[in-house]
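Novice: Got a structure for you, written out below as structure tokens; questions coming shortly.
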Amino acid sequence: MAEHESLEFGKADFVLLDNVSLEEFMANLKLRFEKGRIYTYIGEVVVSVNPYRAMNIYGRDTIEQYKGRELYERPPHLFAIADAAYKAMKRRNKDTCIVISGESGAGKTEASKYIMQYIAAITNPGQRAEVERVKNMLLKSNCVLEAFGNAKTNRNDNSSRFGKYMDINFDFKGDPIGGHINNYLLEKSRVIFQQEGERSFHSFYQMVKGGPESLLRSLHVSKDPTAFNYIKVGGHIKSSIDDGGDFKAVADAMKVIGFTADELQTVYKVLATILHLGNLTFGVDGDTTLIENSKVVAVIGDLLATKEENVEKALLYRTVATGRDVIDKQHTAQEASYGRDALAKAMYERMFCWIVGRINDVIEVKNYDAKVHGKNTVIGVLDIYGFEIFQNNSFEQFCINYCNEKLQQLFIQLVLRQEQEEYQREGIPWKHIDFFNNQIIVDLVELQHKGIFSVLDEACMNVGKVTDKVFLQGLNSKLANHAHYTSRKLSPTDKSLEFDRDFRVRHYAGNVVYSVVGFIDKNKDTLFQDFKRLLYNSSNPVLKVMWPEGKLKITEVTKRPLTAATIFKNSMIALVENLACKEPYYVRCIKPNDVKSPLLFEHERCRHQVEYLGLLENVRVRRAGFANRQEYPRFLQRYKMISEFTWPNHDLPSEKEAVKKLLQGCGFEQDVAYGKTKVFIRTPRTLFCLEEQRTEMVGRIVLFLQKVWRGTIARMRYRRMRAAAIILRAYRRFKVKSYIKDVNRKFKNVRSMKDHGKHVKWPTPPKVLRRFEEALRSFYNRWWAWMLIKDMTPEEKLRIRAKGATLEALKDQRPDLGLQRTWEGNYLVTNSQCCVSPVGATDEDLCVSQINRFHKAEDRAVLITDRHLYKMDPLKQYKPMKSIPLYNVTGISVSPGKDQLVVFHTKDSRDLVVCLKGMMPAGDSRIGELVGTLLSHFKSEKRKLQVNIASPIQCSMNGRKCTIIVEPKINQSQPDFTKSRSGYILAVPGN
């Protein structure tokens with residue numbers, strides 16, 4: 001059973017319907033289509049409804065969901081059937097096949113592509129080059145065969161106009177190693193004629209619309225399809241098909257497959273030749289038949305690599321051998337037109353068969369020895385034309401519908417045979433089922449001497465002029481009493497049939513009226529030997545290969561060739577025999593409407609297809625005995641949680657006994673039967689009850705598993721955390737010990753070192769000891785400083801403190817602080833030059849330039865003691881002129897440059913502005929010493945002195961705010977003050 005989907009999507013398997021009736025079948029099919037569920041099972045048969053839209057259900061993630069799973073474990077899908085066929089082939093070493101059937105436009109070709117895509121995706125896990133090459137060739141061949149074998153019809157934009165059966169060969173490991181393609185009955189009449197609204201084969205439009213200009217010029221072909229008589233009907237049709245893009249895709253695929261540039265060019269030349277043939281017209285001049293547009297003949301001769309006169313002769317004359325004599329018989333205009341059309345059809349068919357043959361040359365298994373490599377197994381994929389009923393049904397439609405009769409008969413036989421064989425294999429009694437047997441219709445077509453094909457062949461062998469009416473008369477005489485055949489002569493009152501033209505066959509899929517017009521010609525499939533010789537004698541080697549019988553001499557007698565009907569009948573019989581010896585899987589395609597709408601479900605249209613595809617009979621056969629059957633291990637794996645005897649594991653003698661115990665406990669003993677390897681369940685209701693109980697138990701089991709698993713995860717996490725904590729603790733202890741040992745080792749002998757360990761590099765501490773290291777460094781630095789100053793005199797200590805204060809206040813803010821020289825502090829005035837001279841340890845004498853009350857600069861000496869700041873006149877033996885108590889000084893300001901400007905700020909806003917001068921040696925700076933001495937003094941008295949570094953400097957002169965700006969001047973020899981609008985300018989010597 002398919003995975004239990006919600007009932008809103010209907011039943012995923014038609015076998016599980018409560019009542020098996022056509023109405024309930026159709027209601028379930030419609031519901032699933034409307035809900036976007038295009039696939040439904042009938043046991044192991046997939047019913048596919050064409051969605052007419054792209055659906056995101058074929059990606060890599062979907063492939064992984066179906067890989068290796070049983071049919072009933074996932075929702076219905078093409079991938080499930082493909083996987084079932086692959087598993088049967090790989091596990092049981094058995095050839096399998098997938099038969100895809102349905103009418104034109106039902107989605108058969110797309111289904112075959114998705115199946116190929118799945119098989120290619122699940123094989124070759126090791127990415128071996130040869131296997132990858134084969135897979136690529138198989139997938140690319142689809143593209144090429146569609147281009148040359150498919151066409152747009154009124155029912156389908158990509159209708160297969162030929163039958164295709166592909167065998168994919170696998171080695172014993174299950175990897176594809178090659179393949180083979182069989183093609184059946186190409187509808188070559190489409191080359192010269194299409195019904196209104198249809199097109200010829202895609203290849204013509206791809207070349208005309210997508211070919212590059214250089215190619216088309218060499219082929220003498222224009223980009224307008226309406227310029228060519230054979231395809232001009234299709235040239236008017238607007239279509240969503242991208243012919244230009246498809247041309248490139250097909251050309252690339254052919255190159256990948258292995259077609260050479262010359263072979264590809266020959267294919268284009270054949271297509272172009274056919275188009276030009278369609279434009280040939282014949283006229284009559286008296287008794288002579290002429291070609292009216294002879295320039296076209298020259299083009300055809302060039303394309304076919306043969307002489308123009310040979311082409312013209314083959315078109316206008318027929319060479320006839322009478323004994324030893326050979327004569328040229330001229331065609332009538334009608335015969336010439338027939339020969340031209342026959343040549344066009346034959347050339348396309350030969351080219352198509354040659355393309356299939358070239359693909360087979362590339363993909364066929366080579367150098368494979370079963371004794372060495374193991375058994376070669378096969379999966380066959382059949383994508384063949386569907387049942388067709390057109391307004392005018394001719395020979396091709398008759399053959400196509402006969403093919404569908406054969407396949408339907410095979411389906412019925414194999415499904416019933418499979419059911420019967422499975423019941424016998426499992427030891428379950430088989431109940432006979434009545435079903436529609438269409439063998440009577442198959443016999444109507446193919447029976448020797450009485451079938452329609454035999455009557456057609458007899459008519460073709462008659463001597464003299466044979467017409468389609470003669471064929472119809474033969475049918476009426478031999479099949480007059482057949483229940484599935486009638487004509488107007490046999491049913492005179494049936495006005496839907498024309499006299500001497502129509503006959504009707506009652507197929508399993510419905511009644512079809514066939515027109516006998518063209519049956520004789522198409523069956524004879526006559527092509528004059530002259531054309532075969534013409535093409536065989538071409539200088540193009542590829543064309544020569546396509547026409548091997550052209551080498552026969554004119555007088556050489558050959559057997560009568562088989563008719564088209566006989567060839568097709570023989571190929572269908574061989575195909576059915578091939579399929580019958582494989583394990584079959586089925587995809588039944590249904591077309592929901594005729595307007596290609598993704599939303600419309602035409603009830604009557606679909607009902608008709610359900611009836612003639614025999615889907616309801618298939619459901620009845622499947623349900624005749626038991627609706628569902630599963631192998632014991634699989635059944636137990638799915639439902640064992642229902643019973644206490646089987647959950648989580650059973651201790652019974654066998655899995656069969658375990659399943660019995662489970663079903664007995666649920667009360668379903670009367671609705672099941674036990675085979676050798678499988679349990680058979682009679683009614684769908686039992687399966688639904690099992691699923692409901694399983695769904696209920698799964699929820700409880702999930703909760704239990706979640707509880708257990710969460711507990712397990714928590715314990716695992718705790719153990720990891722505990723182990724990590726122990727490791728971290730041990731590691732930290734180790735790192736701390738290592739660090740302390742390293743510090744102790746490096747600083748062990750610092751007392752005896754000359755620099756007391758200043759050069760020693762500190763080891764990098766662990767993160768946990770970073771703050772400890774900072775404290776340790778601080779302790780060391782304090783010890784190191786104490787070691788330096790412990791032997792100093794009090795005066796030296798004062799100077800050290802002063803330098804420290806200067807460094808703290810002015811570091812990185814002035815270029816020269818004078819820290820490197822000795823601060824004497826006691827500067828004497830000599831040679832009339834000013835210098836700094838402190839008295840004792842706290843007095844300092846400074847020679848300065850000062851601004852007087854008249855805004856003029858004058859030389860003065862400044863003496864700083866521990867109580868006052870004195871201003872003295874050096875010209876009057878340093879007589880004190882003014883004193884400023886130090887407690888009245890609030891701060892000092894200096895500039896960031898090399899100048900010696902100092903401003904003493906006072907509480908009474910009478911700031912003292914001076915510039916130090918007369919330094920020895922010249923250029924020496926006393927600013928650092930001045931600032932440090934004052935800061936050290938103020939600190940000893942526990943007072944704060946504000947030190948400002950600014951440019952310009954703001955100050956107060958006699959209560960008035962002013963600004964002092966420093967300006968370097970090149971020609972200035974000594975610092976000098978001048979008045980400015982905002983205050984003063986100190987001019988200093990420039991560089």
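Following the order of the structure tokens, chains are lettered A, B, ..., residues in each are numbered from 1, and ligands are numbered from 1.
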Check range 887-919 of chain A with DSSP on the backbone and list each residue it calls strand (DSSP E), as a compact mmCIF listing (two decimals) with C-alpha atoms, in the first residue's frame.
Specialist:
```txt
# COMPACT_ATOMS: atom_id res chain seq x y z
CA VAL A 889 49.68 81.04 41.91
CA THR A 890 46.91 78.77 40.53
CA GLY A 891 48.66 77.36 37.50
CA ILE A 892 51.10 77.79 34.69
CA SER A 893 50.69 77.56 30.89
CA VAL A 894 53.31 76.62 28.34
CA LEU A 901 57.06 80.97 26.88
CA VAL A 902 55.66 80.59 30.44
CA VAL A 903 52.53 82.19 31.91
CA PHE A 904 52.05 82.18 35.71
CA HIS A 905 48.29 82.34 36.47
CA THR A 906 47.30 84.07 39.73
CA LEU A 912 52.89 87.00 34.82
CA VAL A 913 53.99 86.42 31.20
CA VAL A 914 57.68 85.71 30.65
CA CYS A 915 59.97 84.06 28.09
CA LEU A 916 63.08 82.31 29.41
```
Novice: What are the nearest atom pairs, with distances in Å to one decimal, for all residues of range 597-644 of chain A that come at most 9 Å from range 22-26 of chain A, using only C-alpha atoms, set out by chain and rising residue number as CSV?
Specialist:
```
residue,atom,partner,partner_atom,distance
A:His603,CA,A:Met26,CA,7.7
A:Cys606,CA,A:Met26,CA,8.0
A:Arg607,CA,A:Met26,CA,6.9
A:Val610,CA,A:Met26,CA,8.4
A:Glu611,CA,A:Leu22,CA,8.6
A:Leu616,CA,A:Leu22,CA,6.9
```
Novice: Measuring atom to atom with only C-alpha atoms, identify which of A:Leu986, A:Ile441, A:Ile800, A:Val736 is nearest to Leu788 in chain A.
Specialist: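 That would be A:Ile800, the residue with the smallest distance to Leu788 in chain A.
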Novice: Determine the nearest neighbour of Ile412 in chain A from the options A:Gln946, A:Asn438, A:Thr467, A:Ser597, counting only C-alpha atoms.
Specialist: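 So, comparing all the options, the nearest one is A:Asn438.
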Novice: With only C-alpha atoms as the counted atoms, please give the residues lying no more than 7 Å from Ser538 in chain A, apart from itself and same-chain residues fewer than 5 positions off, as a ChimeraX atom specification.
Specialist: /A:304-306,543-544
Novice: Output N, CA and C atoms for every residue in the selection just made, as an mmCIF file, in the first residue's frame.
Specialist:
```cif
data_model
loop_
_atom_site.group_PDB
_atom_site.id
_atom_site.type_symbol
_atom_site.label_atom_id
_atom_site.label_comp_id
_atom_site.auth_asym_id
_atom_site.auth_seq_id
_atom_site.Cartn_x
_atom_site.Cartn_y
_atom_site.Cartn_z
ATOM 1 N N LEU A 304 23.002 16.552 -52.827
ATOM 2 C CA LEU A 304 23.139 15.094 -52.806
ATOM 3 C C LEU A 304 24.493 14.631 -53.352
ATOM 4 N N ALA A 305 25.347 15.589 -53.715
ATOM 5 C CA ALA A 305 26.688 15.268 -54.234
ATOM 6 C C ALA A 305 26.599 14.327 -55.432
ATOM 7 N N THR A 306 25.707 14.685 -56.354
ATOM 8 C CA THR A 306 25.556 13.905 -57.579
ATOM 9 C C THR A 306 25.292 14.871 -58.731
ATOM 10 N N LEU A 543 25.556 9.295 -47.286
ATOM 11 C CA LEU A 543 24.364 8.978 -48.076
ATOM 12 C C LEU A 543 24.470 7.581 -48.678
ATOM 13 N N LYS A 544 25.635 7.236 -49.131
ATOM 14 C CA LYS A 544 25.863 5.923 -49.761
ATOM 15 C C LYS A 544 25.520 4.792 -48.795
#
```
Novice: Set the distance at 12 Å and use only C-alpha atoms: which residues neighbour Gly897 in chain A once local chain neighbours fewer than 4 positions away are removed? I'd like the list as a short mmCIF file (atom, residue, chain, number, x, y, z; two decimals) with N, CA, C and O atoms, in the first residue's frame.
Specialist:
```
data_model
loop_
_atom_site.label_atom_id
_atom_site.label_comp_id
_atom_site.auth_asym_id
_atom_site.auth_seq_id
_atom_site.Cartn_x
_atom_site.Cartn_y
_atom_site.Cartn_z
N LEU A 810 54.03 66.73 31.09
CA LEU A 810 54.32 67.22 29.73
C LEU A 810 54.70 66.13 28.73
O LEU A 810 55.02 66.44 27.59
N ASP A 812 54.94 63.70 25.80
CA ASP A 812 54.35 63.64 24.45
C ASP A 812 53.66 64.95 24.05
O ASP A 812 52.93 64.99 23.05
N GLN A 813 53.86 66.05 24.87
CA GLN A 813 53.19 67.31 24.52
C GLN A 813 54.19 68.42 24.21
O GLN A 813 53.81 69.45 23.64
N ARG A 814 55.46 68.23 24.61
CA ARG A 814 56.53 69.17 24.23
C ARG A 814 57.71 68.37 23.70
O ARG A 814 57.99 67.26 24.19
N PRO A 815 58.48 68.95 22.74
CA PRO A 815 59.56 68.16 22.13
C PRO A 815 60.78 67.99 23.01
O PRO A 815 61.47 66.98 22.92
N ASP A 816 61.07 68.94 23.89
CA ASP A 816 62.30 68.82 24.68
C ASP A 816 61.99 69.19 26.12
O ASP A 816 61.60 70.33 26.42
N LEU A 817 62.14 68.20 27.03
CA LEU A 817 61.85 68.45 28.44
C LEU A 817 63.13 68.58 29.28
O LEU A 817 63.06 68.83 30.48
N LEU A 901 58.13 80.14 26.34
CA LEU A 901 57.06 80.97 26.88
C LEU A 901 56.46 80.29 28.10
O LEU A 901 56.11 79.10 28.06
N VAL A 902 56.30 81.09 29.21
CA VAL A 902 55.66 80.59 30.44
C VAL A 902 54.71 81.67 30.95
O VAL A 902 55.07 82.86 30.98
N SER A 925 66.69 74.03 27.01
CA SER A 925 65.33 74.34 27.47
C SER A 925 65.26 74.20 28.98
O SER A 925 65.76 73.23 29.55
N ILE A 927 62.10 74.84 30.46
CA ILE A 927 60.67 74.73 30.73
C ILE A 927 60.37 73.49 31.58
O ILE A 927 59.66 73.54 32.58
N ILE A 949 48.98 73.03 28.53
CA ILE A 949 49.79 73.08 27.32
C ILE A 949 48.86 73.50 26.20
O ILE A 949 47.93 72.76 25.85
N ALA A 950 49.03 74.71 25.64
CA ALA A 950 48.08 75.22 24.66
C ALA A 950 48.79 76.17 23.72
O ALA A 950 49.83 76.74 24.04
N SER A 951 48.22 76.41 22.59
CA SER A 951 48.71 77.40 21.62
C SER A 951 47.51 77.83 20.78
O SER A 951 46.90 76.99 20.09
N PRO A 952 47.11 79.10 20.87
CA PRO A 952 47.67 80.16 21.70
C PRO A 952 47.30 79.98 23.17
O PRO A 952 46.42 79.20 23.49
N ILE A 965 50.26 84.59 21.27
CA ILE A 965 50.52 83.72 20.12
C ILE A 965 52.02 83.65 19.88
O ILE A 965 52.71 84.65 19.95
N VAL A 966 52.52 82.48 19.60
CA VAL A 966 53.94 82.28 19.29
C VAL A 966 54.10 82.18 17.78
O VAL A 966 53.42 81.38 17.13
N GLU A 967 54.99 83.02 17.21
CA GLU A 967 55.24 83.02 15.78
C GLU A 967 56.75 82.91 15.52
O GLU A 967 57.51 83.79 15.92
N PRO A 968 57.23 81.86 14.88
CA PRO A 968 58.65 81.79 14.53
C PRO A 968 58.97 82.69 13.33
O PRO A 968 58.18 82.77 12.39
N VAL A 988 59.87 84.33 17.93
CA VAL A 988 61.01 83.51 18.30
C VAL A 988 61.82 83.20 17.06
O VAL A 988 61.30 83.22 15.94
N GLY A 990 63.32 81.54 14.00
CA GLY A 990 62.87 80.40 13.18
C GLY A 990 64.03 79.55 12.75
O GLY A 990 65.19 79.87 12.99
#
```
Novice: Between A:Gly179, A:Pro561, A:Gly427, A:Gly36, single out the one closest to Tyr165 in chain A, counting only C-alpha atoms.
Specialist: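 Distance minimum relative to Tyr165 in chain A lands on A:Gly179.
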Novice: Show which residues sit within 10 Å of range 66-74 of chain A, as JSON, numbers by chain. Count only C-alpha atoms, and ignore same-chain residues fewer than 3 positions away.
Specialist: {"A": [1, 2, 3, 4, 5, 12, 13, 41, 43, 44, 61, 62, 63, 77, 78, 79, 80, 81, 82, 83, 84, 86, 87, 118, 119, 121, 122, 630, 634, 638]}
Novice: Using N, CA and C atoms, can you export the residues from the last selection as a PDB file, in the first residue's frame?
Specialist:
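The new file part_10.pdb reads:
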```
ATOM      1  N   MET A   1       0.833  -1.196   0.000  1.00  0.00           N
ATOM      2  CA  MET A   1       0.000   0.000   0.000  1.00  0.00           C
ATOM      3  C   MET A   1       0.866   1.244   0.000  1.00  0.00           C
ATOM      4  N   ALA A   2       0.426   2.281  -0.721  1.00  0.00           N
ATOM      5  CA  ALA A   2       1.193   3.519  -0.745  1.00  0.00           C
ATOM      6  C   ALA A   2       1.170   4.143   0.635  1.00  0.00           C
ATOM      7  N   GLU A   3       2.202   4.963   0.897  1.00  0.00           N
ATOM      8  CA  GLU A   3       2.266   5.632   2.191  1.00  0.00           C
ATOM      9  C   GLU A   3       0.941   6.317   2.472  1.00  0.00           C
ATOM     10  N   HIS A   4       0.474   6.213   3.695  1.00  0.00           N
ATOM     11  CA  HIS A   4      -0.867   6.645   4.056  1.00  0.00           C
ATOM     12  C   HIS A   4      -0.992   8.155   3.895  1.00  0.00           C
ATOM     13  N   GLU A   5      -1.607   8.599   2.805  1.00  0.00           N
ATOM     14  CA  GLU A   5      -1.823  10.020   2.581  1.00  0.00           C
ATOM     15  C   GLU A   5      -3.122  10.436   3.251  1.00  0.00           C
ATOM     16  N   ALA A  12      -4.778   6.652  -2.417  1.00  0.00           N
ATOM     17  CA  ALA A  12      -3.540   6.591  -3.204  1.00  0.00           C
ATOM     18  C   ALA A  12      -3.472   5.325  -4.047  1.00  0.00           C
ATOM     19  N   ASP A  13      -4.312   4.341  -3.743  1.00  0.00           N
ATOM     20  CA  ASP A  13      -4.348   3.090  -4.496  1.00  0.00           C
ATOM     21  C   ASP A  13      -5.810   2.765  -4.776  1.00  0.00           C
ATOM     22  N   TYR A  41      -1.886   4.465  -7.729  1.00  0.00           N
ATOM     23  CA  TYR A  41      -1.570   3.057  -7.976  1.00  0.00           C
ATOM     24  C   TYR A  41      -2.818   2.237  -8.235  1.00  0.00           C
ATOM     25  N   GLY A  43      -2.420  -1.411  -7.385  1.00  0.00           N
ATOM     26  CA  GLY A  43      -1.429  -2.405  -7.003  1.00  0.00           C
ATOM     27  C   GLY A  43      -0.051  -1.926  -7.411  1.00  0.00           C
ATOM     28  N   GLU A  44       0.536  -2.554  -8.432  1.00  0.00           N
ATOM     29  CA  GLU A  44       1.867  -2.171  -8.909  1.00  0.00           C
ATOM     30  C   GLU A  44       1.822  -1.497 -10.271  1.00  0.00           C
ATOM     31  N   ASP A  61      16.111  15.625  -4.435  1.00  0.00           N
ATOM     32  CA  ASP A  61      15.591  15.251  -3.118  1.00  0.00           C
ATOM     33  C   ASP A  61      14.481  14.223  -3.239  1.00  0.00           C
ATOM     34  N   THR A  62      13.647  14.343  -4.283  1.00  0.00           N
ATOM     35  CA  THR A  62      12.577  13.362  -4.507  1.00  0.00           C
ATOM     36  C   THR A  62      13.175  12.014  -4.893  1.00  0.00           C
ATOM     37  N   ILE A  63      14.195  12.021  -5.711  1.00  0.00           N
ATOM     38  CA  ILE A  63      14.864  10.773  -6.108  1.00  0.00           C
ATOM     39  C   ILE A  63      15.362  10.031  -4.868  1.00  0.00           C
ATOM     40  N   HIS A  77       4.292   7.369  -7.462  1.00  0.00           N
ATOM     41  CA  HIS A  77       5.190   8.180  -8.301  1.00  0.00           C
ATOM     42  C   HIS A  77       5.799   7.280  -9.371  1.00  0.00           C
ATOM     43  N   LEU A  78       6.196   7.904 -10.485  1.00  0.00           N
ATOM     44  CA  LEU A  78       6.912   7.162 -11.535  1.00  0.00           C
ATOM     45  C   LEU A  78       8.221   6.592 -11.001  1.00  0.00           C
ATOM     46  N   PHE A  79       8.862   7.345 -10.102  1.00  0.00           N
ATOM     47  CA  PHE A  79      10.139   6.892  -9.557  1.00  0.00           C
ATOM     48  C   PHE A  79       9.985   5.569  -8.799  1.00  0.00           C
ATOM     49  N   ALA A  80       8.818   5.373  -8.178  1.00  0.00           N
ATOM     50  CA  ALA A  80       8.599   4.136  -7.423  1.00  0.00           C
ATOM     51  C   ALA A  80       8.580   2.936  -8.363  1.00  0.00           C
ATOM     52  N   ILE A  81       7.921   3.075  -9.520  1.00  0.00           N
ATOM     53  CA  ILE A  81       7.878   1.988 -10.500  1.00  0.00           C
ATOM     54  C   ILE A  81       9.274   1.746 -11.070  1.00  0.00           C
ATOM     55  N   ALA A  82       9.982   2.829 -11.382  1.00  0.00           N
ATOM     56  CA  ALA A  82      11.340   2.699 -11.923  1.00  0.00           C
ATOM     57  C   ALA A  82      12.239   1.993 -10.910  1.00  0.00           C
ATOM     58  N   ASP A  83      12.095   2.354  -9.626  1.00  0.00           N
ATOM     59  CA  ASP A  83      12.923   1.723  -8.598  1.00  0.00           C
ATOM     60  C   ASP A  83      12.557   0.255  -8.419  1.00  0.00           C
ATOM     61  N   ALA A  84      11.235  -0.053  -8.508  1.00  0.00           N
ATOM     62  CA  ALA A  84      10.794  -1.452  -8.371  1.00  0.00           C
ATOM     63  C   ALA A  84      11.379  -2.300  -9.501  1.00  0.00           C
ATOM     64  N   TYR A  86      14.100  -1.651 -11.216  1.00  0.00           N
ATOM     65  CA  TYR A  86      15.560  -1.732 -11.021  1.00  0.00           C
ATOM     66  C   TYR A  86      15.907  -2.735  -9.923  1.00  0.00           C
ATOM     67  N   LYS A  87      15.144  -2.711  -8.816  1.00  0.00           N
ATOM     68  CA  LYS A  87      15.424  -3.640  -7.711  1.00  0.00           C
ATOM     69  C   LYS A  87      15.180  -5.082  -8.157  1.00  0.00           C
ATOM     70  N   TYR A 118      15.582   8.891 -13.612  1.00  0.00           N
ATOM     71  CA  TYR A 118      15.700   8.244 -12.295  1.00  0.00           C
ATOM     72  C   TYR A 118      16.747   7.128 -12.332  1.00  0.00           C
ATOM     73  N   ILE A 119      16.657   6.278 -13.363  1.00  0.00           N
ATOM     74  CA  ILE A 119      17.602   5.157 -13.457  1.00  0.00           C
ATOM     75  C   ILE A 119      19.028   5.680 -13.559  1.00  0.00           C
ATOM     76  N   ALA A 121      20.109   8.465 -12.324  1.00  0.00           N
ATOM     77  CA  ALA A 121      20.499   9.123 -11.071  1.00  0.00           C
ATOM     78  C   ALA A 121      20.889   8.134  -9.984  1.00  0.00           C
ATOM     79  N   ILE A 122      20.249   6.946  -9.946  1.00  0.00           N
ATOM     80  CA  ILE A 122      20.488   6.030  -8.828  1.00  0.00           C
ATOM     81  C   ILE A 122      21.631   5.060  -9.091  1.00  0.00           C
ATOM     82  N   GLN A 630       1.902  -8.355   1.267  1.00  0.00           N
ATOM     83  CA  GLN A 630       3.213  -7.851   1.645  1.00  0.00           C
ATOM     84  C   GLN A 630       4.061  -8.984   2.193  1.00  0.00           C
ATOM     85  N   ARG A 634       8.628  -7.133   5.770  1.00  0.00           N
ATOM     86  CA  ARG A 634       8.187  -5.761   5.533  1.00  0.00           C
ATOM     87  C   ARG A 634       6.926  -5.447   6.337  1.00  0.00           C
ATOM     88  N   ARG A 638       6.576  -2.703   9.508  1.00  0.00           N
ATOM     89  CA  ARG A 638       5.649  -1.568   9.495  1.00  0.00           C
ATOM     90  C   ARG A 638       4.662  -1.604  10.658  1.00  0.00           C
TER      91      ARG A 638
END
```
Novice: Within 10 Å of range 352-369 of chain A, counting only C-alpha atoms, which residues show up once you throw out same-chain ones fewer than 5 positions away? Write them as number ranges by chain, please.
Specialist: A: 133-138, 140-141, 144-145, 148-149, 167-171, 176-184, 186, 188, 254, 257-259, 263, 267, 346-347, 374-376, 542-543, 545-546
Novice: For Asp224 in chain A, work out the shell of residues within 10 Å, counting only C-alpha atoms and skipping chain neighbours fewer than 3 positions away, then give it as a PyMOL selection string.
Specialist: chain A and resi 205+208-209+221+227-228+232+235-236
Novice: Here is a test: counting only C-alpha atoms, which residue of A:Tyr586, A:Phe635, A:Phe734, A:Tyr317 is nearest to Thr288 in chain A?
Specialist: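 Under the stated criterion, the closest residue is A:Tyr317.
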Novice: If DSSP is run on the backbone, what residues of range 630-755 of chain A are alpha helix (DSSP H)? A reply as a ChimeraX atom specification would be ideal.
Specialist: /A:632-639,655-666,684-746
Novice: Output as a tab-separated table one row per residue of range 19-52 of chain A within 9 Å of range 98-113 of chain A: the closest atom pair and its distance in Å to one decimal place, counting only C-alpha atoms, sorted by chain and residue number ascending.
Specialist:
```
residue	atom	partner	partner_atom	distance
A:Ser48	CA	A:Gly107	CA	8.1
A:Val49	CA	A:Ala106	CA	7.1
A:Asn50	CA	A:Gly107	CA	5.5
A:Pro51	CA	A:Gly107	CA	8.7
A:Tyr52	CA	A:Gly107	CA	8.7
```
